[in-house]
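Here is the structure we will look at.
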Amino acid sequence: MYIDITTKEKEIFEKLKTKFNYTNPLQAPKIEKIIVSTGVGSTNDKKKIELIEQRLAQITGQKPSTQLAKKSIAQFKVREGQLSGYKVTLRGKMARDFLAKIIHIALPRTRDFRGLSKSGVDEMGNYSFGIKESTIFPETSDEELKNVFGMSVTIVTNSKNKEETLAFLEHIGLPFKKS
């Protein structure tokens with residue numbers, strides 16, 4: 001289940017060096033961190049908020065940090081300092097394990113999955129995508145469908161542009177839509 005990117009670095013370098021004119025293996029892109037975040041919405045149910053925190057901890061293997069609202073927004077009934085969501089930052093082996101779990105277990109379990117969109121890459125070389133249901137992870141064997149929540153996953157790389165990031169993520173095995 002573990003994608004060992006450290007042993008694949010030379011392979012990644014060899015695969016991408018002609019396309020991007022690399023002269024040193026250290027120029028090849030690497031994953032710096034993976035950020036998983038979810039919002040709690042407008043729910044005031046303490047049990048549901050606690051459940052979201054526990055499920056996110058089970059999915060990622062790390063305790064999430066709380067994200068508080070930075071300012072009050074009356075239209076959304078949000079007050080400054082109120083809990084707005086949870087975030088987990090994974091680095092190193094935990095990030096690679098989580099990425100392997102997404103690629104090999106979670107995404108294939110997604111209903112009507114046709115691949116991830118290539119438009120999720122930003123100008124800095126980071127890739128973001130959303131997961132609509134937390135039930136695609138095997139840790140959340142959910143009997144009640146009312147406790148389903150979505151999450152956002154951001155893969156932060158040290159690549160310099162969109163093309164480099166897409167080539168790197170395709171080489172790792174992230175399933176993109178066929179265009």
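Ordered as shown in the structure tokens, chains take letters A, B, and onward, while each chain numbers its residues from 1 and ligands are numbered from 1 in the order shown.
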
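All residues of protein, DNA or RNA that reach within 7 Å of segment 25-30 of chain A, judged by only C-alpha atoms and not counting those fewer than 2 positions away in the chain, are Lys10, Ile12, Phe13, Tyr22, Thr23, Glu32, Thr157, Asn158, Ser159 and Phe168 of chain A.
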
How about saving the chosen residues, C-alpha atoms kept, as a compact mmCIF listing (two decimals), in the first residue's frame?
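Generated output (part01.txt):
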```txt
# COMPACT_ATOMS: atom_id res chain seq x y z
CA LYS A 10 15.59 8.35 -9.87
CA ILE A 12 10.82 10.09 -11.74
CA PHE A 13 13.97 12.02 -12.64
CA TYR A 22 16.52 18.43 -15.47
CA THR A 23 20.25 18.04 -14.90
CA GLU A 32 5.99 18.31 0.54
CA THR A 157 4.53 19.76 -4.30
CA ASN A 158 7.76 21.62 -4.89
CA SER A 159 7.24 21.73 -8.65
CA PHE A 168 4.60 14.17 -11.66
```

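Non-sequential neighbours of Gly92 of chain A (distance at most 10 Å, separation of 6 or more positions within a chain, only C-alpha atoms) are Ile31, Glu32, Lys33 and Ile34 of chain A.
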
Convert the current residue selection to file output with C-alpha atoms, as a short mmCIF file (atom, residue, chain, number, x, y, z; two decimals), in the first residue's frame.
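Below is the file that was written, result_17.cif:
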```cif
data_model
loop_
_atom_site.label_atom_id
_atom_site.label_comp_id
_atom_site.auth_asym_id
_atom_site.auth_seq_id
_atom_site.Cartn_x
_atom_site.Cartn_y
_atom_site.Cartn_z
CA ILE A 31 5.46 15.87 -2.31
CA GLU A 32 5.99 18.31 0.54
CA LYS A 33 2.69 17.83 2.38
CA ILE A 34 -0.97 16.88 2.02
#
```

Test item: residues at most 12 Å from Phe129 of chain A, only C-alpha atoms, excluding those fewer than 3 positions along its chain, as a list in words | Ile34, Ile35, Val36, Ser37, Ile102, Leu107, Gly115, Leu116, Ser117, Lys118, Ser119, Gly120, Val121, Asp122, Asn126, Lys132, Gly150, Met151, Ser152, Val153, Thr154, Ile155, Val156, Leu174, Pro175 and Phe176 of chain A

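Closest approach to Gly85 of chain A from the set A:Glu11, A:Glu53, A:Glu170, A:Asp97 is made by A:Glu53, with distances taken over only C-alpha atoms.
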
Taken to one decimal, the atom CA of Gly39 of chain A-atom CA of Ala74 of chain A distance is 17.6 Å

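Considering only C-alpha atoms, the residue among A:Phe149, A:Tyr127, A:Glu139, A:Lys71 positioned nearest to Glu164 of chain A is A:Tyr127.
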
Which of segment 53-136 of chain A end up as helix (DSSP H, G or I) when DSSP is run on this backbone - answer as a PDB file with N, CA and C atoms, in the first residue's frame?
```pdb
ATOM      1  N   GLU A  53     -14.933  15.196  13.711  1.00  0.00           N
ATOM      2  CA  GLU A  53     -13.548  15.233  14.194  1.00  0.00           C
ATOM      3  C   GLU A  53     -12.980  13.824  14.347  1.00  0.00           C
ATOM      4  N   GLN A  54     -13.759  12.909  14.924  1.00  0.00           N
ATOM      5  CA  GLN A  54     -13.291  11.531  15.113  1.00  0.00           C
ATOM      6  C   GLN A  54     -13.080  10.821  13.779  1.00  0.00           C
ATOM      7  N   ARG A  55     -14.001  10.993  12.847  1.00  0.00           N
ATOM      8  CA  ARG A  55     -13.875  10.337  11.539  1.00  0.00           C
ATOM      9  C   ARG A  55     -12.674  10.865  10.764  1.00  0.00           C
ATOM     10  N   LEU A  56     -12.450  12.168  10.818  1.00  0.00           N
ATOM     11  CA  LEU A  56     -11.301  12.743  10.128  1.00  0.00           C
ATOM     12  C   LEU A  56      -9.993  12.225  10.739  1.00  0.00           C
ATOM     13  N   ALA A  57      -9.980  12.058  12.051  1.00  0.00           N
ATOM     14  CA  ALA A  57      -8.808  11.491  12.715  1.00  0.00           C
ATOM     15  C   ALA A  57      -8.605  10.028  12.304  1.00  0.00           C
ATOM     16  N   GLN A  58      -9.691   9.256  12.169  1.00  0.00           N
ATOM     17  CA  GLN A  58      -9.577   7.861  11.725  1.00  0.00           C
ATOM     18  C   GLN A  58      -9.081   7.777  10.291  1.00  0.00           C
ATOM     19  N   ILE A  59      -9.582   8.624   9.426  1.00  0.00           N
ATOM     20  CA  ILE A  59      -9.221   8.587   8.013  1.00  0.00           C
ATOM     21  C   ILE A  59      -7.752   8.953   7.808  1.00  0.00           C
ATOM     22  N   THR A  60      -7.291   9.996   8.472  1.00  0.00           N
ATOM     23  CA  THR A  60      -5.933  10.484   8.249  1.00  0.00           C
ATOM     24  C   THR A  60      -4.895   9.877   9.185  1.00  0.00           C
ATOM     25  N   ALA A  74     -22.950  37.833   8.863  1.00  0.00           N
ATOM     26  CA  ALA A  74     -24.336  37.737   9.307  1.00  0.00           C
ATOM     27  C   ALA A  74     -25.182  36.864   8.383  1.00  0.00           C
ATOM     28  N   GLN A  75     -24.945  36.919   7.069  1.00  0.00           N
ATOM     29  CA  GLN A  75     -25.746  36.145   6.128  1.00  0.00           C
ATOM     30  C   GLN A  75     -25.591  34.642   6.343  1.00  0.00           C
ATOM     31  N   PHE A  76     -24.410  34.215   6.796  1.00  0.00           N
ATOM     32  CA  PHE A  76     -24.177  32.796   7.034  1.00  0.00           C
ATOM     33  C   PHE A  76     -24.350  32.407   8.501  1.00  0.00           C
ATOM     34  N   GLY A  92       5.706  13.654   5.096  1.00  0.00           N
ATOM     35  CA  GLY A  92       6.565  12.478   5.103  1.00  0.00           C
ATOM     36  C   GLY A  92       5.830  11.188   4.798  1.00  0.00           C
ATOM     37  N   LYS A  93       6.124  10.176   5.606  1.00  0.00           N
ATOM     38  CA  LYS A  93       5.562   8.836   5.391  1.00  0.00           C
ATOM     39  C   LYS A  93       4.047   8.827   5.517  1.00  0.00           C
ATOM     40  N   MET A  94       3.508   9.592   6.461  1.00  0.00           N
ATOM     41  CA  MET A  94       2.052   9.632   6.636  1.00  0.00           C
ATOM     42  C   MET A  94       1.371  10.217   5.399  1.00  0.00           C
ATOM     43  N   ALA A  95       1.987  11.221   4.769  1.00  0.00           N
ATOM     44  CA  ALA A  95       1.423  11.814   3.554  1.00  0.00           C
ATOM     45  C   ALA A  95       1.457  10.803   2.419  1.00  0.00           C
ATOM     46  N   ARG A  96       2.559  10.066   2.273  1.00  0.00           N
ATOM     47  CA  ARG A  96       2.652   9.073   1.206  1.00  0.00           C
ATOM     48  C   ARG A  96       1.676   7.919   1.440  1.00  0.00           C
ATOM     49  N   ASP A  97       1.503   7.504   2.693  1.00  0.00           N
ATOM     50  CA  ASP A  97       0.536   6.447   3.004  1.00  0.00           C
ATOM     51  C   ASP A  97      -0.890   6.895   2.703  1.00  0.00           C
ATOM     52  N   PHE A  98      -1.213   8.132   3.058  1.00  0.00           N
ATOM     53  CA  PHE A  98      -2.550   8.653   2.788  1.00  0.00           C
ATOM     54  C   PHE A  98      -2.795   8.757   1.290  1.00  0.00           C
ATOM     55  N   LEU A  99      -1.788   9.188   0.532  1.00  0.00           N
ATOM     56  CA  LEU A  99      -1.923   9.268  -0.917  1.00  0.00           C
ATOM     57  C   LEU A  99      -2.135   7.884  -1.523  1.00  0.00           C
ATOM     58  N   ALA A 100      -1.427   6.894  -1.010  1.00  0.00           N
ATOM     59  CA  ALA A 100      -1.606   5.519  -1.490  1.00  0.00           C
ATOM     60  C   ALA A 100      -3.020   5.032  -1.179  1.00  0.00           C
ATOM     61  N   LYS A 101      -3.538   5.365   0.001  1.00  0.00           N
ATOM     62  CA  LYS A 101      -4.896   4.974   0.371  1.00  0.00           C
ATOM     63  C   LYS A 101      -5.924   5.624  -0.551  1.00  0.00           C
ATOM     64  N   ILE A 102      -5.702   6.880  -0.910  1.00  0.00           N
ATOM     65  CA  ILE A 102      -6.614   7.564  -1.826  1.00  0.00           C
ATOM     66  C   ILE A 102      -6.589   6.905  -3.196  1.00  0.00           C
ATOM     67  N   ILE A 103      -5.382   6.656  -3.723  1.00  0.00           N
ATOM     68  CA  ILE A 103      -5.243   6.122  -5.080  1.00  0.00           C
ATOM     69  C   ILE A 103      -5.772   4.705  -5.199  1.00  0.00           C
ATOM     70  N   HIS A 104      -5.413   3.832  -4.245  1.00  0.00           N
ATOM     71  CA  HIS A 104      -5.696   2.405  -4.386  1.00  0.00           C
ATOM     72  C   HIS A 104      -6.983   1.931  -3.725  1.00  0.00           C
ATOM     73  N   ILE A 105      -7.490   2.674  -2.734  1.00  0.00           N
ATOM     74  CA  ILE A 105      -8.657   2.192  -1.997  1.00  0.00           C
ATOM     75  C   ILE A 105      -9.851   3.145  -2.130  1.00  0.00           C
ATOM     76  N   ALA A 106      -9.667   4.415  -1.793  1.00  0.00           N
ATOM     77  CA  ALA A 106     -10.801   5.335  -1.686  1.00  0.00           C
ATOM     78  C   ALA A 106     -11.392   5.719  -3.041  1.00  0.00           C
ATOM     79  N   LEU A 107     -10.572   6.190  -3.971  1.00  0.00           N
ATOM     80  CA  LEU A 107     -11.113   6.638  -5.256  1.00  0.00           C
ATOM     81  C   LEU A 107     -11.779   5.514  -6.049  1.00  0.00           C
ATOM     82  N   PRO A 108     -11.247   4.285  -6.057  1.00  0.00           N
ATOM     83  CA  PRO A 108     -11.976   3.221  -6.750  1.00  0.00           C
ATOM     84  C   PRO A 108     -13.338   2.897  -6.123  1.00  0.00           C
ATOM     85  N   ARG A 109     -13.531   3.232  -4.846  1.00  0.00           N
ATOM     86  CA  ARG A 109     -14.811   2.982  -4.183  1.00  0.00           C
ATOM     87  C   ARG A 109     -15.823   4.094  -4.423  1.00  0.00           C
ATOM     88  N   LYS A 118      -8.084  17.623 -14.253  1.00  0.00           N
ATOM     89  CA  LYS A 118      -6.741  18.198 -14.335  1.00  0.00           C
ATOM     90  C   LYS A 118      -6.748  19.696 -14.048  1.00  0.00           C
ATOM     91  N   SER A 119      -7.906  20.281 -13.912  1.00  0.00           N
ATOM     92  CA  SER A 119      -7.992  21.723 -13.684  1.00  0.00           C
ATOM     93  C   SER A 119      -7.756  22.112 -12.232  1.00  0.00           C
ATOM     94  N   GLY A 120      -7.500  21.152 -11.357  1.00  0.00           N
ATOM     95  CA  GLY A 120      -7.287  21.443  -9.944  1.00  0.00           C
ATOM     96  C   GLY A 120      -5.886  21.894  -9.603  1.00  0.00           C
ATOM     97  N   SER A 134     -17.423  10.913   2.833  1.00  0.00           N
ATOM     98  CA  SER A 134     -16.365  10.322   3.657  1.00  0.00           C
ATOM     99  C   SER A 134     -16.487   8.801   3.730  1.00  0.00           C
ATOM    100  N   THR A 135     -17.576   8.261   3.226  1.00  0.00           N
ATOM    101  CA  THR A 135     -17.808   6.814   3.331  1.00  0.00           C
ATOM    102  C   THR A 135     -16.967   6.005   2.355  1.00  0.00           C
ATOM    103  N   ILE A 136     -16.228   6.652   1.452  1.00  0.00           N
ATOM    104  CA  ILE A 136     -15.383   5.895   0.530  1.00  0.00           C
ATOM    105  C   ILE A 136     -14.140   5.354   1.221  1.00  0.00           C
TER     106      ILE A 136
END
```

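Proximity to Ile172 of chain A was assessed for A:Lys15, A:Asn24, A:Gly41, A:Val88 counting only C-alpha atoms; the smallest distance is recorded for A:Lys15.
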
Between atom CA of Lys178 of chain A and atom CA of Leu166 of chain A, distance in Å (one decimal) | 13.0 Å

State, in Å with one decimal place, the distance from atom CA of Lys162 of chain A to atom CA of Leu16 of chain A.
-> 13.8 Å

Enumerate as a ChimeraX atom specification all residues of segment 106-172 of chain A assigned to strand (DSSP E) by DSSP on the backbone, naming them with the chain letters and numbers the document uses.
-> /A:127-131,151-157

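Within 10 Å of Val40 of chain A, once only C-alpha atoms are used and residues closer than 3 positions along the same chain are dropped, the contacting residues are Thr43, Asn44, Asp45, Lys48, Ile49, Glu50, Ile52, Glu53, Gln67, Leu83, Ser84, Gly85, Tyr86, Phe149 and Gly150 of chain A.
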
May I have the residues within 6 Å of Ala69 of chain A as number ranges by chain, using only C-alpha atoms and disregarding those fewer than 5 positions away in the same chain?
-> A: 80-82, 84

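Among the candidates A:Glu123, A:Leu68, A:Lys47, A:Thr110, the residue lying nearest to Glu163 of chain A is A:Glu123 (atoms considered: only C-alpha atoms).
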